[in-house]
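Peer 1: Encoded as structure tokens, here's the structure I'll be asking about.
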Amino acid sequence: QHLESIEELRRKLEYQQESSRNEFNNLQSNYQSKLKSLEELNSDLINNNKQLEFKLKDLNRQLGSAETDRDRLLTDLTDMTNQRRIAEESRVQLDREVVRLEAKLDGLKQQLISKDESINKTMALYKSNEESKAILEQQLQLYLNTIDSLNEKLQGG
């Protein structure tokens, strides 16, 4: 009878051991599956982050170009304003050159109008670039937050 109880105990232990192995294998399989899924998600996030960084660099380059154009246009406008002032002073001093200076002044006014239009277009582009940059920064922050959250889950898990 003692042998029977030992035998029964052995069978129970073998059954528990087999159940534990199966449960361990299932858990390990689930872990591997989840790990693979998280690795794929992380890879996608890294790729998206690289694309956003590229877009940000491109927008920064465009912004730099727009700022350079704006600065150049502002310098041109200052130069033209100075030329106009000089032309007006010369007109007062040199009455006999009035006709020639009026023609030059009309030309300068037309250039100012063209430059003002260029400045307005440049400012609109600058504003658009700033808005795009802000949106991109928000998206980048969202992706960074998502990555941080995933990293915390991975470390916690």
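Residue numbers start at 1 in each chain; chains themselves are named A, B, ... in the order of the structure tokens; ligands are numbered from 1 in the order shown.
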Could you pull the residues within 10 Å of region 136-140 of chain A, counting only C-alpha atoms, minus those fewer than 5 positions along the same chain, as an NGL selection string?
Peer 2: :A and (48-49 or 52-53 or 55-56 or 59 or 130-131 or 145-146)
Peer 1: Hey, what's within 12 Å of Leu41 (chain A) if we count only C-alpha atoms and toss same-chain stuff fewer than 5 positions away? As a PDB file with all heavy atoms, in the first residue's frame, please?
Peer 2:
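Contents of selection.pdb, as written:
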```
ATOM      1  N   LYS A  34       5.121  38.316 -28.401  1.00  0.00           N
ATOM      2  CA  LYS A  34       4.991  39.721 -27.987  1.00  0.00           C
ATOM      3  C   LYS A  34       6.290  40.480 -28.212  1.00  0.00           C
ATOM      4  O   LYS A  34       6.280  41.632 -28.632  1.00  0.00           O
ATOM      5  CB  LYS A  34       4.571  39.811 -26.522  1.00  0.00           C
ATOM      6  CG  LYS A  34       3.123  39.435 -26.307  1.00  0.00           C
ATOM      7  CD  LYS A  34       2.718  39.528 -24.846  1.00  0.00           C
ATOM      8  CE  LYS A  34       1.261  39.098 -24.681  1.00  0.00           C
ATOM      9  NZ  LYS A  34       0.833  39.139 -23.288  1.00  0.00           N
ATOM     10  N   LEU A  35       7.400  39.850 -27.922  1.00  0.00           N
ATOM     11  CA  LEU A  35       8.700  40.475 -28.134  1.00  0.00           C
ATOM     12  C   LEU A  35       8.912  40.799 -29.611  1.00  0.00           C
ATOM     13  O   LEU A  35       9.334  41.909 -29.962  1.00  0.00           O
ATOM     14  CB  LEU A  35       9.823  39.560 -27.625  1.00  0.00           C
ATOM     15  CG  LEU A  35      11.246  40.109 -27.782  1.00  0.00           C
ATOM     16  CD1 LEU A  35      11.402  41.382 -26.955  1.00  0.00           C
ATOM     17  CD2 LEU A  35      12.258  39.054 -27.348  1.00  0.00           C
ATOM     18  N   LYS A  36       8.562  39.855 -30.481  1.00  0.00           N
ATOM     19  CA  LYS A  36       8.703  40.085 -31.923  1.00  0.00           C
ATOM     20  C   LYS A  36       7.802  41.238 -32.359  1.00  0.00           C
ATOM     21  O   LYS A  36       8.219  42.108 -33.118  1.00  0.00           O
ATOM     22  CB  LYS A  36       8.359  38.816 -32.693  1.00  0.00           C
ATOM     23  CG  LYS A  36       8.533  38.978 -34.195  1.00  0.00           C
ATOM     24  CD  LYS A  36       8.229  37.697 -34.942  1.00  0.00           C
ATOM     25  CE  LYS A  36       8.392  37.916 -36.431  1.00  0.00           C
ATOM     26  NZ  LYS A  36       8.033  36.760 -37.207  1.00  0.00           N
ATOM     27  N   ILE A  46      11.173  53.708 -35.165  1.00  0.00           N
ATOM     28  CA  ILE A  46      12.503  54.233 -35.503  1.00  0.00           C
ATOM     29  C   ILE A  46      12.511  54.747 -36.943  1.00  0.00           C
ATOM     30  O   ILE A  46      13.022  55.831 -37.217  1.00  0.00           O
ATOM     31  CB  ILE A  46      13.586  53.149 -35.280  1.00  0.00           C
ATOM     32  CG1 ILE A  46      13.786  52.916 -33.776  1.00  0.00           C
ATOM     33  CG2 ILE A  46      14.896  53.529 -35.952  1.00  0.00           C
ATOM     34  CD1 ILE A  46      14.646  51.717 -33.439  1.00  0.00           C
ATOM     35  N   ASN A  47      11.910  53.979 -37.855  1.00  0.00           N
ATOM     36  CA  ASN A  47      11.837  54.424 -39.254  1.00  0.00           C
ATOM     37  C   ASN A  47      11.038  55.710 -39.381  1.00  0.00           C
ATOM     38  O   ASN A  47      11.435  56.632 -40.104  1.00  0.00           O
ATOM     39  CB  ASN A  47      11.242  53.327 -40.142  1.00  0.00           C
ATOM     40  CG  ASN A  47      12.178  52.161 -40.331  1.00  0.00           C
ATOM     41  OD1 ASN A  47      13.386  52.297 -40.192  1.00  0.00           O
ATOM     42  ND2 ASN A  47      11.646  50.996 -40.634  1.00  0.00           N
ATOM     43  N   ASN A  48       9.895  55.770 -38.684  1.00  0.00           N
ATOM     44  CA  ASN A  48       9.086  56.993 -38.723  1.00  0.00           C
ATOM     45  C   ASN A  48       9.856  58.168 -38.143  1.00  0.00           C
ATOM     46  O   ASN A  48       9.793  59.283 -38.668  1.00  0.00           O
ATOM     47  CB  ASN A  48       7.772  56.806 -37.950  1.00  0.00           C
ATOM     48  CG  ASN A  48       6.798  55.905 -38.677  1.00  0.00           C
ATOM     49  OD1 ASN A  48       6.912  55.709 -39.885  1.00  0.00           O
ATOM     50  ND2 ASN A  48       5.852  55.342 -37.966  1.00  0.00           N
ATOM     51  N   TYR A 143       5.746  61.124 -31.238  1.00  0.00           N
ATOM     52  CA  TYR A 143       6.495  59.890 -31.497  1.00  0.00           C
ATOM     53  C   TYR A 143       7.497  59.622 -30.381  1.00  0.00           C
ATOM     54  O   TYR A 143       7.675  58.483 -29.945  1.00  0.00           O
ATOM     55  CB  TYR A 143       7.217  59.976 -32.855  1.00  0.00           C
ATOM     56  CG  TYR A 143       6.301  59.710 -34.012  1.00  0.00           C
ATOM     57  CD1 TYR A 143       5.928  60.728 -34.877  1.00  0.00           C
ATOM     58  CD2 TYR A 143       5.782  58.434 -34.253  1.00  0.00           C
ATOM     59  CE1 TYR A 143       5.068  60.505 -35.930  1.00  0.00           C
ATOM     60  CE2 TYR A 143       4.922  58.203 -35.308  1.00  0.00           C
ATOM     61  CZ  TYR A 143       4.570  59.247 -36.134  1.00  0.00           C
ATOM     62  OH  TYR A 143       3.723  59.012 -37.180  1.00  0.00           O
ATOM     63  N   THR A 146       5.673  58.279 -27.479  1.00  0.00           N
ATOM     64  CA  THR A 146       5.292  56.899 -27.747  1.00  0.00           C
ATOM     65  C   THR A 146       6.487  55.964 -27.550  1.00  0.00           C
ATOM     66  O   THR A 146       6.359  54.910 -26.936  1.00  0.00           O
ATOM     67  CB  THR A 146       4.748  56.764 -29.193  1.00  0.00           C
ATOM     68  OG1 THR A 146       3.649  57.665 -29.356  1.00  0.00           O
ATOM     69  CG2 THR A 146       4.292  55.349 -29.471  1.00  0.00           C
ATOM     70  N   ILE A 147       7.652  56.375 -28.038  1.00  0.00           N
ATOM     71  CA  ILE A 147       8.862  55.567 -27.884  1.00  0.00           C
ATOM     72  C   ILE A 147       9.217  55.442 -26.405  1.00  0.00           C
ATOM     73  O   ILE A 147       9.532  54.354 -25.926  1.00  0.00           O
ATOM     74  CB  ILE A 147      10.030  56.168 -28.694  1.00  0.00           C
ATOM     75  CG1 ILE A 147       9.773  55.967 -30.197  1.00  0.00           C
ATOM     76  CG2 ILE A 147      11.355  55.534 -28.308  1.00  0.00           C
ATOM     77  CD1 ILE A 147      10.733  56.678 -31.093  1.00  0.00           C
ATOM     78  N   LEU A 150       6.842  53.030 -24.826  1.00  0.00           N
ATOM     79  CA  LEU A 150       7.184  51.638 -25.202  1.00  0.00           C
ATOM     80  C   LEU A 150       8.427  51.168 -24.471  1.00  0.00           C
ATOM     81  O   LEU A 150       8.485  50.024 -24.002  1.00  0.00           O
ATOM     82  CB  LEU A 150       7.375  51.532 -26.717  1.00  0.00           C
ATOM     83  CG  LEU A 150       6.088  51.580 -27.546  1.00  0.00           C
ATOM     84  CD1 LEU A 150       6.427  51.620 -29.024  1.00  0.00           C
ATOM     85  CD2 LEU A 150       5.201  50.400 -27.235  1.00  0.00           C
ATOM     86  N   ASN A 151       9.414  52.062 -24.362  1.00  0.00           N
ATOM     87  CA  ASN A 151      10.634  51.686 -23.636  1.00  0.00           C
ATOM     88  C   ASN A 151      10.333  51.399 -22.175  1.00  0.00           C
ATOM     89  O   ASN A 151      10.857  50.447 -21.605  1.00  0.00           O
ATOM     90  CB  ASN A 151      11.689  52.792 -23.757  1.00  0.00           C
ATOM     91  CG  ASN A 151      12.364  52.776 -25.104  1.00  0.00           C
ATOM     92  OD1 ASN A 151      12.403  51.728 -25.758  1.00  0.00           O
ATOM     93  ND2 ASN A 151      12.883  53.891 -25.549  1.00  0.00           N
ATOM     94  N   LEU A 154       8.718  48.066 -22.050  1.00  0.00           N
ATOM     95  CA  LEU A 154       9.696  47.012 -22.273  1.00  0.00           C
ATOM     96  C   LEU A 154      10.559  46.802 -21.026  1.00  0.00           C
ATOM     97  O   LEU A 154      10.867  45.677 -20.660  1.00  0.00           O
ATOM     98  CB  LEU A 154      10.585  47.357 -23.470  1.00  0.00           C
ATOM     99  CG  LEU A 154       9.964  47.156 -24.853  1.00  0.00           C
ATOM    100  CD1 LEU A 154      10.910  47.682 -25.923  1.00  0.00           C
ATOM    101  CD2 LEU A 154       9.630  45.713 -25.108  1.00  0.00           C
TER     102      LEU A 154
END
```
Peer 1: In Å to one decimal, how far is CA of Gln141 (chain A) from CA of Asn42 (chain A)?
Peer 2: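 Going from CA of Asn42 (chain A) over to CA of Gln141 (chain A), I get 15.8 Å.
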Peer 1: I'd like the interatomic distance between CA of Ala66 (chain A) and CA of Leu125 (chain A), to a tenth of an Å.
Peer 2: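 CA of Leu125 (chain A) lies 7.3 Å from CA of Ala66 (chain A).
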Peer 1: Need to verify the contact set: region 109-118 of chain A, 10 Å, only C-alpha atoms, exclusion of same-chain residues closer than 2 positions in sequence. Can you return it as a PyMOL selection string?
Peer 2: chain A and resi 69-70+73-74+76-77+80-81+84+103-107+120-124
